[in-house]
$ cat target.csv   # CSV, C-alpha atoms
chain,number,residue,atom,x,y,z
A,1,MET,CA,0.0,0.0,0.0
A,2,LEU,CA,1.4,3.4,-1.0
A,3,PRO,CA,2.0,5.9,1.9
A,4,PRO,CA,0.0,9.2,2.0
A,5,ARG,CA,1.3,11.9,-0.2
A,6,ALA,CA,0.5,15.6,-0.4
A,7,ASP,CA,-0.6,15.3,-4.1
A,8,ARG,CA,-3.0,12.5,-3.4
A,9,PRO,CA,-6.6,13.6,-2.5
A,10,ALA,CA,-7.7,12.9,1.1
A,11,PRO,CA,-10.4,10.4,1.6
A,12,GLY,CA,-14.0,11.8,1.3
A,13,PRO,CA,-16.7,12.5,-1.2
A,14,ALA,CA,-14.4,14.5,-3.5
A,15,ALA,CA,-12.0,11.5,-3.8
A,16,ALA,CA,-14.6,8.8,-4.3
A,17,ALA,CA,-14.1,8.6,-8.0
A,18,PRO,CA,-10.7,7.6,-9.4
A,19,GLN,CA,-8.7,10.7,-10.4
A,20,ALA,CA,-5.6,10.8,-12.6
A,21,SER,CA,-2.5,11.8,-10.6
A,22,PRO,CA,0.1,13.8,-12.4
A,23,SER,CA,2.7,11.8,-10.5
A,24,ALA,CA,1.3,8.4,-11.5
A,25,PRO,CA,3.3,8.0,-14.7
A,26,HIS,CA,6.5,9.1,-12.9
A,27,HIS,CA,5.8,6.6,-10.1
A,28,GLN,CA,5.2,3.8,-12.5
A,29,GLN,CA,8.4,4.7,-14.5
A,30,SER,CA,10.3,4.6,-11.2
A,31,ARG,CA,9.0,1.2,-10.4
A,32,VAL,CA,9.9,-0.2,-13.9
A,33,SER,CA,13.4,1.3,-13.6
A,34,ALA,CA,13.8,-0.4,-10.3
A,35,TRP,CA,12.9,-3.7,-11.8
A,36,VAL,CA,15.3,-3.1,-14.6
A,37,GLU,CA,18.0,-2.4,-12.1
A,38,VAL,CA,17.4,-5.7,-10.3
A,39,LEU,CA,17.5,-7.5,-13.7
A,40,ARG,CA,20.8,-5.8,-14.5
A,41,THR,CA,22.5,-6.2,-11.1
A,42,THR,CA,20.7,-9.1,-9.3
A,43,ASN,CA,20.5,-6.6,-6.3
A,44,PRO,CA,17.6,-4.6,-4.9
A,45,PRO,CA,17.3,-1.1,-6.3
A,46,THR,CA,19.5,1.4,-4.6
A,47,GLY,CA,17.9,4.3,-2.8
A,48,ARG,CA,14.3,3.1,-3.6
A,49,PRO,CA,11.8,0.9,-1.8
A,50,THR,CA,11.7,-2.7,-3.0
A,51,ASP,CA,8.1,-3.6,-4.1
A,52,ALA,CA,6.8,-7.1,-4.4
A,53,VAL,CA,7.9,-7.5,-8.0
A,54,ALA,CA,11.4,-6.4,-7.4
A,55,ARG,CA,11.6,-8.6,-4.3
A,56,TRP,CA,10.5,-11.6,-6.3
A,57,LEU,CA,13.1,-10.8,-9.0
A,58,VAL,CA,15.8,-10.7,-6.4
A,59,LEU,CA,14.6,-13.8,-4.6
A,60,THR,CA,14.6,-15.8,-7.9
A,61,ARG,CA,17.8,-14.4,-9.3
A,62,ALA,CA,15.8,-13.3,-12.4
A,63,ALA,CA,18.9,-11.5,-13.8
A,64,VAL,CA,20.2,-14.9,-15.1
A,65,LEU,CA,16.9,-16.0,-16.6
A,66,PRO,CA,17.9,-14.6,-20.1
A,67,MET,CA,20.1,-17.7,-20.4
A,68,THR,CA,16.9,-19.9,-20.4
A,69,LEU,CA,15.0,-17.5,-22.6
A,70,VAL,CA,17.7,-17.8,-25.2
A,71,ALA,CA,17.7,-21.6,-25.0
A,72,GLY,CA,13.9,-21.5,-25.4
A,73,ALA,CA,14.2,-19.1,-28.3
A,74,VAL,CA,16.6,-21.3,-30.1
A,75,ALA,CA,14.2,-24.3,-29.8
A,76,THR,CA,11.3,-22.1,-30.9
A,77,LEU,CA,12.9,-20.8,-34.0
A,78,LEU,CA,14.1,-24.2,-35.1
A,79,ALA,CA,10.6,-25.6,-34.6
A,80,VAL,CA,8.7,-22.9,-36.5
A,81,HIS,CA,7.4,-24.1,-39.9
A,82,ARG,CA,8.2,-27.7,-39.0
A,83,PRO,CA,5.5,-30.4,-39.6
A,84,GLY,CA,3.4,-30.9,-36.4
A,85,PHE,CA,4.3,-27.4,-35.0
A,86,ARG,CA,1.7,-26.4,-32.4
A,87,PRO,CA,2.1,-22.8,-31.0
A,88,GLY,CA,0.0,-23.4,-27.9
A,89,LEU,CA,2.2,-26.3,-26.8
A,90,LEU,CA,5.3,-24.3,-27.5
A,91,VAL,CA,4.1,-21.5,-25.3
A,92,LEU,CA,3.4,-24.0,-22.5
A,93,ALA,CA,6.9,-25.6,-22.9
A,94,PHE,CA,8.5,-22.2,-22.9
A,95,ALA,CA,6.7,-21.2,-19.7
A,96,GLY,CA,7.8,-24.5,-18.2
A,97,LEU,CA,11.4,-23.8,-19.0
A,98,VAL,CA,11.3,-20.4,-17.2
A,99,LEU,CA,9.5,-21.8,-14.2
A,100,ALA,CA,12.0,-24.7,-14.0
A,101,HIS,CA,14.9,-22.2,-13.9
A,102,VAL,CA,13.2,-20.2,-11.2
A,103,ALA,CA,12.6,-23.4,-9.2
A,104,ASN,CA,16.2,-24.4,-9.7
A,105,ASN,CA,17.5,-21.1,-8.3
A,106,LEU,CA,15.2,-21.3,-5.3
A,107,MET,CA,16.2,-24.9,-4.6
A,108,ASN,CA,19.9,-24.2,-5.0
A,109,ASP,CA,19.7,-21.5,-2.4
A,110,LEU,CA,17.6,-23.7,-0.1
A,111,PHE,CA,19.9,-26.8,-0.4
A,112,ASP,CA,23.1,-24.8,-0.1
A,113,VAL,CA,22.0,-23.1,3.1
A,114,GLU,CA,20.8,-26.4,4.5
A,115,VAL,CA,24.1,-28.2,4.0
A,116,GLY,CA,26.1,-25.2,5.2
A,117,ALA,CA,27.7,-24.3,1.9
A,118,ASP,CA,26.1,-20.8,1.8
A,119,THR,CA,27.2,-18.6,4.7
A,120,GLU,CA,27.3,-14.8,5.2
A,121,SER,CA,31.0,-14.8,4.0
A,122,TYR,CA,30.4,-17.0,1.0
A,123,PRO,CA,30.2,-15.3,-2.5
A,124,ARG,CA,26.5,-16.1,-2.9
A,125,ALA,CA,25.7,-13.8,0.0
A,126,LEU,CA,28.2,-11.1,-1.1
A,127,TYR,CA,27.3,-10.4,-4.7
A,128,ALA,CA,23.5,-10.3,-4.0
A,129,PRO,CA,21.2,-10.9,-0.9
A,130,HIS,CA,20.8,-14.5,-0.1
A,131,PRO,CA,17.1,-15.1,0.4
A,132,VAL,CA,17.5,-16.7,3.9
A,133,LEU,CA,20.7,-15.3,5.2
A,134,SER,CA,19.6,-11.7,4.4
A,135,GLY,CA,16.3,-12.2,6.2
A,136,MET,CA,14.3,-11.7,3.0
A,137,VAL,CA,12.4,-15.0,3.6
A,138,THR,CA,12.6,-17.9,6.1
A,139,ARG,CA,13.8,-21.3,5.1
A,140,THR,CA,10.1,-22.5,5.3
A,141,GLN,CA,9.0,-19.7,3.0
A,142,LEU,CA,11.8,-20.4,0.5
A,143,ALA,CA,10.8,-24.1,0.5
A,144,ARG,CA,7.2,-23.2,0.0
A,145,SER,CA,8.1,-20.9,-2.9
A,146,ALA,CA,10.1,-23.6,-4.6
A,147,LEU,CA,7.3,-26.1,-4.1
A,148,PHE,CA,4.7,-23.7,-5.5
A,149,VAL,CA,6.8,-23.1,-8.7
A,150,ASN,CA,7.4,-26.8,-9.1
A,151,VAL,CA,3.7,-27.5,-8.8
A,152,LEU,CA,3.0,-25.0,-11.5
A,153,ASP,CA,5.6,-26.7,-13.6
A,154,LEU,CA,4.1,-30.1,-12.9
A,155,GLY,CA,0.7,-28.8,-14.2
A,156,ILE,CA,2.3,-27.7,-17.4
A,157,LEU,CA,4.0,-31.1,-17.7
A,158,VAL,CA,0.7,-33.0,-17.3
A,159,VAL,CA,-0.8,-31.0,-20.2
A,160,LEU,CA,2.2,-31.5,-22.5
A,161,ALA,CA,2.3,-35.2,-21.6
A,162,VAL,CA,-1.3,-35.6,-22.7
A,163,PHE,CA,-0.5,-34.2,-26.1
A,164,ARG,CA,3.1,-35.4,-26.7
A,165,GLY,CA,3.4,-38.5,-24.5
A,166,TRP,CA,6.2,-40.0,-22.4
A,167,PRO,CA,9.2,-38.3,-24.2
A,168,VAL,CA,8.2,-34.9,-22.8
A,169,VAL,CA,8.0,-36.5,-19.3
A,170,ALA,CA,11.5,-37.9,-19.8
A,171,PHE,CA,12.9,-34.5,-20.8
A,172,ALA,CA,11.3,-32.8,-17.8
A,173,LEU,CA,12.2,-35.3,-15.2
A,174,GLY,CA,15.7,-35.5,-16.5
A,175,GLY,CA,16.1,-31.7,-16.1
A,176,PHE,CA,14.5,-31.8,-12.7
A,177,ALA,CA,16.7,-34.6,-11.5
A,178,LEU,CA,19.9,-32.8,-12.6
A,179,SER,CA,18.7,-29.6,-11.1
A,180,VAL,CA,18.1,-31.2,-7.7
A,181,ALA,CA,21.3,-33.3,-7.9
A,182,TYR,CA,23.4,-30.2,-8.6
A,183,THR,CA,23.4,-29.1,-5.0
A,184,ALA,CA,21.2,-31.5,-3.0
A,185,PRO,CA,22.5,-34.5,-1.1
A,186,PRO,CA,23.5,-37.2,-1.6
A,187,LEU,CA,24.8,-36.6,-5.1
A,188,ARG,CA,25.8,-32.9,-4.9
A,189,LEU,CA,27.2,-32.9,-8.4
A,190,LYS,CA,28.7,-29.4,-7.9
A,191,LYS,CA,30.9,-30.8,-5.1
A,192,ARG,CA,32.2,-33.6,-7.3
A,193,GLY,CA,33.3,-31.6,-10.4
A,194,LEU,CA,30.2,-32.7,-12.3
A,195,GLY,CA,28.2,-29.4,-12.0
A,196,GLU,CA,29.6,-28.1,-15.2
A,197,PRO,CA,28.6,-31.1,-17.3
A,198,ASP,CA,25.2,-30.9,-15.6
A,199,VAL,CA,24.6,-27.4,-16.8
A,200,PHE,CA,25.7,-28.2,-20.3
A,201,LEU,CA,23.2,-31.0,-20.5
A,202,VAL,CA,20.3,-29.0,-19.0
A,203,TRP,CA,20.8,-25.7,-20.9
A,204,GLY,CA,21.8,-27.5,-24.1
A,205,PRO,CA,20.2,-30.8,-25.1
A,206,LEU,CA,17.5,-31.0,-22.4
A,207,MET,CA,16.1,-27.5,-22.8
A,208,VAL,CA,16.5,-27.1,-26.6
A,209,CYS,CA,15.5,-30.6,-27.5
A,210,GLY,CA,12.7,-30.9,-25.0
A,211,THR,CA,11.1,-27.6,-26.0
A,212,TYR,CA,11.4,-28.6,-29.7
A,213,TYR,CA,9.8,-32.0,-29.1
A,214,ALA,CA,7.0,-30.4,-27.1
A,215,ALA,CA,6.3,-28.0,-30.0
A,216,VAL,CA,6.4,-30.5,-33.0
A,217,GLY,CA,6.2,-34.0,-31.5
A,218,HIS,CA,9.4,-35.4,-33.0
A,219,LEU,CA,13.1,-34.8,-32.6
A,220,PRO,CA,15.5,-35.0,-35.6
A,221,TRP,CA,19.2,-35.5,-35.1
A,222,GLU,CA,19.9,-32.0,-36.4
A,223,VAL,CA,18.2,-30.4,-33.4
A,224,VAL,CA,20.3,-32.5,-31.0
A,225,VAL,CA,23.4,-31.2,-32.7
A,226,ALA,CA,22.1,-27.6,-32.8
A,227,SER,CA,21.5,-27.7,-29.0
A,228,VAL,CA,25.3,-28.0,-28.4
A,229,PRO,CA,26.5,-24.4,-29.1
A,230,TYR,CA,24.4,-22.6,-26.6
A,231,GLY,CA,25.0,-25.3,-24.0
A,232,LEU,CA,28.7,-24.5,-24.3
A,233,LEU,CA,28.1,-20.8,-23.6
A,234,CYS,CA,26.1,-21.5,-20.5
A,235,THR,CA,28.8,-23.9,-19.2
A,236,ALA,CA,31.3,-21.1,-19.7
A,237,VAL,CA,29.3,-18.8,-17.5
A,238,LEU,CA,29.3,-21.4,-14.7
A,239,MET,CA,33.0,-22.1,-15.2
A,240,GLY,CA,33.6,-18.3,-14.7
A,241,LYS,CA,31.5,-18.3,-11.6
A,242,HIS,CA,33.3,-21.3,-10.1
A,243,ILE,CA,36.7,-19.8,-10.8
A,244,ASP,CA,35.5,-16.8,-8.8
A,245,LYS,CA,34.3,-19.0,-6.0
A,246,ALA,CA,37.3,-21.5,-6.0
A,247,PRO,CA,39.2,-19.8,-3.1
A,248,TYR,CA,36.0,-20.2,-1.0
A,249,ASP,CA,35.1,-23.7,-2.3
A,250,GLU,CA,38.4,-25.5,-2.0
A,251,PRO,CA,38.7,-25.1,1.8
A,252,LEU,CA,35.1,-26.5,2.1
A,253,GLY,CA,35.9,-29.5,0.1
A,254,ILE,CA,33.7,-28.4,-2.8
A,255,ARG,CA,35.6,-29.7,-5.8
A,256,THR,CA,34.1,-27.8,-8.7
A,257,LEU,CA,35.9,-28.3,-12.1
A,258,PRO,CA,38.0,-25.1,-11.6
A,259,VAL,CA,39.1,-26.3,-8.2
A,260,VAL,CA,40.1,-29.6,-9.8
A,261,LEU,CA,41.9,-27.9,-12.7
A,262,GLY,CA,43.4,-25.0,-10.9
A,263,GLU,CA,42.6,-21.4,-11.7
A,264,ARG,CA,45.0,-21.0,-14.6
A,265,ARG,CA,43.9,-24.1,-16.5
A,266,ALA,CA,40.3,-23.4,-15.6
A,267,ARG,CA,40.5,-19.9,-17.2
A,268,ALA,CA,42.0,-21.4,-20.3
A,269,ALA,CA,39.3,-24.1,-20.4
A,270,THR,CA,36.6,-21.4,-20.1
A,271,VAL,CA,38.0,-19.5,-23.1
A,272,GLY,CA,38.1,-22.8,-24.9
A,273,LEU,CA,34.4,-23.3,-24.3
A,274,MET,CA,33.7,-19.8,-25.6
A,275,VAL,CA,35.8,-20.4,-28.7
A,276,ALA,CA,34.2,-23.8,-29.2
A,277,PHE,CA,30.8,-22.1,-29.5
A,278,TYR,CA,31.8,-20.4,-32.8
A,279,VAL,CA,33.5,-23.6,-34.1
A,280,VAL,CA,30.4,-25.7,-33.4
A,281,VAL,CA,28.1,-23.1,-34.9
A,282,VAL,CA,30.1,-23.3,-38.2
A,283,VAL,CA,30.0,-27.1,-38.0
A,284,CYS,CA,26.3,-27.0,-37.4
A,285,VAL,CA,25.8,-24.9,-40.5
A,286,GLY,CA,28.0,-27.1,-42.5
A,287,VAL,CA,26.0,-30.2,-41.6
A,288,ASP,CA,22.6,-28.4,-42.0
A,289,ALA,CA,21.8,-28.6,-38.3
A,290,LEU,CA,21.6,-24.8,-38.2
A,291,PRO,CA,20.5,-22.5,-41.1
A,292,TRP,CA,23.3,-20.4,-42.6
A,293,PRO,CA,22.0,-17.0,-41.1
A,294,ALA,CA,23.1,-18.5,-37.7
A,295,LEU,CA,26.5,-17.4,-38.8
A,296,VAL,CA,25.5,-13.9,-37.7
A,297,SER,CA,26.6,-15.0,-34.2
A,298,LEU,CA,30.2,-14.7,-35.5
A,299,ALA,CA,29.7,-10.9,-35.1
A,300,ALA,CA,30.2,-11.5,-31.3
A,301,VAL,CA,33.9,-12.4,-31.9
A,302,PRO,CA,35.0,-8.9,-30.8
A,303,LYS,CA,33.3,-9.6,-27.5
A,304,LEU,CA,35.1,-12.9,-27.3
A,305,VAL,CA,38.4,-11.2,-27.8
A,306,GLN,CA,37.6,-8.9,-24.9
A,307,ALA,CA,36.6,-11.8,-22.7
A,308,ALA,CA,39.7,-13.8,-23.6
A,309,LYS,CA,41.9,-10.8,-22.6
A,310,ALA,CA,40.2,-10.6,-19.2
A,311,PHE,CA,40.5,-14.4,-18.7
A,312,SER,CA,44.2,-14.3,-19.5
A,313,LYS,CA,44.9,-12.4,-16.3
A,314,PRO,CA,44.1,-13.1,-12.7
A,315,LYS,CA,41.1,-11.4,-11.1
A,316,PRO,CA,41.9,-7.9,-9.9
A,317,ASP,CA,42.2,-7.1,-6.2
A,318,GLU,CA,39.4,-4.5,-6.3
A,319,PRO,CA,36.3,-4.2,-8.5
A,320,PRO,CA,36.0,-1.3,-11.0
A,321,ALA,CA,33.8,1.5,-9.8
A,322,GLY,CA,30.2,0.6,-9.9
A,323,PHE,CA,30.8,-3.1,-10.6
A,324,PRO,CA,27.5,-4.7,-9.3
A,325,VAL,CA,28.3,-8.4,-8.5
A,326,TRP,CA,31.7,-8.4,-6.8
A,327,PRO,CA,33.3,-10.8,-5.7
A,328,LEU,CA,32.2,-12.4,-9.0
A,329,TRP,CA,34.4,-11.3,-11.9
A,330,PHE,CA,35.0,-14.0,-14.5
A,331,ALA,CA,31.3,-15.0,-14.2
A,332,ALA,CA,30.2,-11.5,-15.2
A,333,ILE,CA,32.6,-11.4,-18.2
A,334,ALA,CA,31.5,-14.8,-19.4
A,335,PHE,CA,27.8,-13.8,-19.0
A,336,VAL,CA,28.2,-10.6,-21.0
A,337,HIS,CA,29.9,-12.6,-23.8
A,338,THR,CA,27.1,-15.3,-23.6
A,339,ARG,CA,24.4,-12.6,-23.8
A,340,ARG,CA,26.0,-11.1,-26.9
A,341,ALA,CA,26.7,-14.4,-28.7
A,342,GLY,CA,23.4,-15.9,-27.7
A,343,SER,CA,21.4,-12.9,-28.8
A,344,LEU,CA,23.1,-12.9,-32.2
A,345,LEU,CA,22.5,-16.6,-32.6
A,346,VAL,CA,18.8,-15.9,-32.0
A,347,LEU,CA,18.8,-13.0,-34.4
A,348,GLY,CA,20.3,-15.3,-37.1
A,349,LEU,CA,17.6,-17.8,-36.5
A,350,VAL,CA,14.9,-15.1,-36.6
A,351,ILE,CA,16.2,-14.1,-40.0
A,352,ALA,CA,16.1,-17.7,-41.2
A,353,ALA,CA,12.6,-18.3,-39.8
A,354,ALA,CA,11.3,-15.1,-41.5
A,355,ALA,CA,12.9,-16.0,-44.8
A,356,GLY,CA,11.9,-19.7,-44.7
A,357,ILE,CA,15.5,-20.8,-44.7
A,358,HIS,CA,15.9,-24.3,-43.1

$ encode --input "target.csv" --output "structure tokens"
Amino acid sequence: MLPPRADRPAPGPAAAAPQASPSAPHHQQSRVSAWVEVLRTTNPPTGRPTDAVARWLVLTRAAVLPMTLVAGAVATLLAVHRPGFRPGLLVLAFAGLVLAHVANNLMNDLFDVEVGADTESYPRALYAPHPVLSGMVTRTQLARSALFVNVLDLGILVVLAVFRGWPVVAFALGGFALSVAYTAPPLRLKKRGLGEPDVFLVWGPLMVCGTYYAAVGHLPWEVVVASVPYGLLCTAVLMGKHIDKAPYDEPLGIRTLPVVLGERRARAATVGLMVAFYVVVVVCVGVDALPWPALVSLAAVPKLVQAAKAFSKPKPDEPPAGFPVWPLWFAAIAFVHTRRAGSLLVLGLVIAAAAGIH
């Protein structure tokens, strides 16, 4: 509820009918700009109250949802014009992807705080408020939120299963199992150097192929191959994040791939993943798994060069002025590259879809 303001009419007969307030557009613009700030920084808006929408965006780490949106867009644009394409089922599958990512973020925070991995001195609580440790919600409320989102996702799965059968269920359960196993006992894949392959499988083959299958009802080998490039980009982002967290993870016995490899080799491997994206896109075009306009993504090479230069050096001791997610550094650099390369890949697929190029 908004607090009283001098320019708002006092209760009474004169205020009974709704009246336009000259400050209303400005207030709405301020709210939207606050949401944009959360989506850009993963943190609550500075110097402004946090409304329910901004609070939910912080709680769910909505700033990283574009990675899922791009995966869904790749599947969508590959599915358009294909035999059996059903837009309604595509919309449901796309919504299911986003909800699955939201649930994954909520569950990761819940399980990591339960096993003691997330503490007030751990990076998760330093680059953005941890839902529980910051007092934003209780553990019970976080668990209920994750359950609520998963129930919504289950409802979508039931509808898709009715129309597309057991393969949709297999894709969804595979993604859910890997999401839970990423941080939850007993597997805790992240702790065993398997979190990075987990993310590749989820954001590559499972998301792209599962959404495509839900939309058209079949899955050609070309789509499986076409799911690889974006999976590599998402894995590079996680590698960057785990490089940043390695000094905190190693003493806790959390053996992410960067901890196993060592920082220097992990930085080189992450650059290799980013380079591999472009190589695989070219190969995909060569074998007709992607239409040739997908080569537009090569325009992101200058951003790759910038990222490679940053990865060639250790993390600086202090963040640049205004850097929003410190102590993360390499994660942010990899994310910016992924956002540029992924957006251009989608642009190329939009051009192909509009022109009927297969």

$ closest_residue --input "target.csv" --among "A:Val228, A:Ala170, A:Ala128, A:Leu187" --to "A:Val282" --atoms "all atoms listed in the file"
A:Val228

$ atom_distance --input "target.csv" --atom1 "atom CA of A:Leu233" --atom2 "atom CA of A:Phe277"
6.6 Å

$ residues_around --input "target.csv" --residues "stretch 289-305 of chain A" --least-positions-apart "4" --cutoff "7 Å" --atoms "only C-alpha atoms" --output "list of chain:residue names"
A:Glu222, A:Val223, A:Val225, A:Ala226, A:Tyr278, A:Val282, A:Cys284, A:Val285, A:Lys309, A:His337, A:Arg340, A:Ala341, A:Leu344, A:Leu345, A:Gly348, A:Leu349, A:Ile351, A:Ala352, A:Ile357, A:His358

$ closest_residue --input "target.csv" --among "A:Lys241, A:His101, A:His130, A:Arg264" --to "A:Glu196" --atoms "only C-alpha atoms"
A:Lys241

$ residues_around --input "target.csv" --residues "stretch 205-211 of chain A" --least-positions-apart "3" --cutoff "6 Å" --atoms "all atoms listed in the file" --output "list in words"
Ala71, Ala75, Ala93, Phe171, Leu201, Val202, Ala214 and Ser227 of chain A

$ residues_around --input "target.csv" --residues "A:Trp329" --least-positions-apart "6" --cutoff "9 Å" --atoms "all atoms listed in the file" --output "MDAnalysis selection string"
chainID A and resid 240:241 243:244 315:316 319

$ residues_around --input "target.csv" --residues "A:Leu178" --least-positions-apart "3" --cutoff "12 Å" --atoms "only C-alpha atoms" --output "VMD selection string"
chain A and resid 100 to 101 104 107 to 108 171 to 175 181 to 185 187 to 190 194 to 203 206

$ write_last_selection --input "target.csv" --atoms "C-alpha atoms" --output "PDB file, in the coordinates of the input"
ATOM      1  CA  ALA A 100      12.000 -24.700 -14.000  1.00  0.00           C
ATOM      2  CA  HIS A 101      14.900 -22.200 -13.900  1.00  0.00           C
ATOM      3  CA  ASN A 104      16.200 -24.400  -9.700  1.00  0.00           C
ATOM      4  CA  MET A 107      16.200 -24.900  -4.600  1.00  0.00           C
ATOM      5  CA  ASN A 108      19.900 -24.200  -5.000  1.00  0.00           C
ATOM      6  CA  PHE A 171      12.900 -34.500 -20.800  1.00  0.00           C
ATOM      7  CA  ALA A 172      11.300 -32.800 -17.800  1.00  0.00           C
ATOM      8  CA  LEU A 173      12.200 -35.300 -15.200  1.00  0.00           C
ATOM      9  CA  GLY A 174      15.700 -35.500 -16.500  1.00  0.00           C
ATOM     10  CA  GLY A 175      16.100 -31.700 -16.100  1.00  0.00           C
ATOM     11  CA  ALA A 181      21.300 -33.300  -7.900  1.00  0.00           C
ATOM     12  CA  TYR A 182      23.400 -30.200  -8.600  1.00  0.00           C
ATOM     13  CA  THR A 183      23.400 -29.100  -5.000  1.00  0.00           C
ATOM     14  CA  ALA A 184      21.200 -31.500  -3.000  1.00  0.00           C
ATOM     15  CA  PRO A 185      22.500 -34.500  -1.100  1.00  0.00           C
ATOM     16  CA  LEU A 187      24.800 -36.600  -5.100  1.00  0.00           C
ATOM     17  CA  ARG A 188      25.800 -32.900  -4.900  1.00  0.00           C
ATOM     18  CA  LEU A 189      27.200 -32.900  -8.400  1.00  0.00           C
ATOM     19  CA  LYS A 190      28.700 -29.400  -7.900  1.00  0.00           C
ATOM     20  CA  LEU A 194      30.200 -32.700 -12.300  1.00  0.00           C
ATOM     21  CA  GLY A 195      28.200 -29.400 -12.000  1.00  0.00           C
ATOM     22  CA  GLU A 196      29.600 -28.100 -15.200  1.00  0.00           C
ATOM     23  CA  PRO A 197      28.600 -31.100 -17.300  1.00  0.00           C
ATOM     24  CA  ASP A 198      25.200 -30.900 -15.600  1.00  0.00           C
ATOM     25  CA  VAL A 199      24.600 -27.400 -16.800  1.00  0.00           C
ATOM     26  CA  PHE A 200      25.700 -28.200 -20.300  1.00  0.00           C
ATOM     27  CA  LEU A 201      23.200 -31.000 -20.500  1.00  0.00           C
ATOM     28  CA  VAL A 202      20.300 -29.000 -19.000  1.00  0.00           C
ATOM     29  CA  TRP A 203      20.800 -25.700 -20.900  1.00  0.00           C
ATOM     30  CA  LEU A 206      17.500 -31.000 -22.400  1.00  0.00           C
TER      31      LEU A 206
END

$ residues_around --input "target.csv" --residues "A:Ala63" --least-positions-apart "6" --cutoff "10 Å" --atoms "only C-alpha atoms" --output "JSON, numbers by chain"
{"A": [36, 37, 38, 39, 40, 41, 42, 43, 57]}

$ write_last_selection --input "target.csv" --atoms "C-alpha atoms" --output "short mmCIF file (atom, residue, chain, number, x, y, z; two decimals), in the frame of the given file"
data_model
loop_
_atom_site.label_atom_id
_atom_site.label_comp_id
_atom_site.auth_asym_id
_atom_site.auth_seq_id
_atom_site.Cartn_x
_atom_site.Cartn_y
_atom_site.Cartn_z
CA VAL A 36 15.30 -3.10 -14.60
CA GLU A 37 18.00 -2.40 -12.10
CA VAL A 38 17.40 -5.70 -10.30
CA LEU A 39 17.50 -7.50 -13.70
CA ARG A 40 20.80 -5.80 -14.50
CA THR A 41 22.50 -6.20 -11.10
CA THR A 42 20.70 -9.10 -9.30
CA ASN A 43 20.50 -6.60 -6.30
CA LEU A 57 13.10 -10.80 -9.00
#

$ build_atoms --input "target.csv" --residues "stretch 29-40 of chain A" --atoms "N, CA and C atoms" --output "tab-separated table (two decimals), in the frame of the given file"
chain	number	residue	atom	x	y	z
A	29	GLN	N	7.04	4.72	-13.82
A	29	GLN	CA	8.40	4.70	-14.50
A	29	GLN	C	9.45	4.36	-13.47
A	30	SER	N	9.32	4.91	-12.26
A	30	SER	CA	10.30	4.60	-11.20
A	30	SER	C	10.30	3.15	-10.84
A	31	ARG	N	9.09	2.57	-10.75
A	31	ARG	CA	9.00	1.20	-10.40
A	31	ARG	C	9.63	0.29	-11.50
A	32	VAL	N	9.33	0.61	-12.75
A	32	VAL	CA	9.90	-0.20	-13.90
A	32	VAL	C	11.41	-0.05	-13.88
A	33	SER	N	11.92	1.16	-13.65
A	33	SER	CA	13.40	1.30	-13.60
A	33	SER	C	14.00	0.55	-12.49
A	34	ALA	N	13.27	0.42	-11.38
A	34	ALA	CA	13.80	-0.40	-10.30
A	34	ALA	C	13.85	-1.85	-10.66
A	35	TRP	N	12.85	-2.34	-11.37
A	35	TRP	CA	12.90	-3.70	-11.80
A	35	TRP	C	14.02	-3.97	-12.79
A	36	VAL	N	14.23	-3.00	-13.68
A	36	VAL	CA	15.30	-3.10	-14.60
A	36	VAL	C	16.66	-3.17	-13.91
A	37	GLU	N	16.80	-2.37	-12.86
A	37	GLU	CA	18.00	-2.40	-12.10
A	37	GLU	C	18.28	-3.74	-11.44
A	38	VAL	N	17.21	-4.34	-10.92
A	38	VAL	CA	17.40	-5.70	-10.30
A	38	VAL	C	17.78	-6.67	-11.40
A	39	LEU	N	17.16	-6.60	-12.58
A	39	LEU	CA	17.50	-7.50	-13.70
A	39	LEU	C	18.92	-7.32	-14.15
A	40	ARG	N	19.44	-6.12	-14.00
A	40	ARG	CA	20.80	-5.80	-14.50
A	40	ARG	C	21.85	-6.20	-13.44
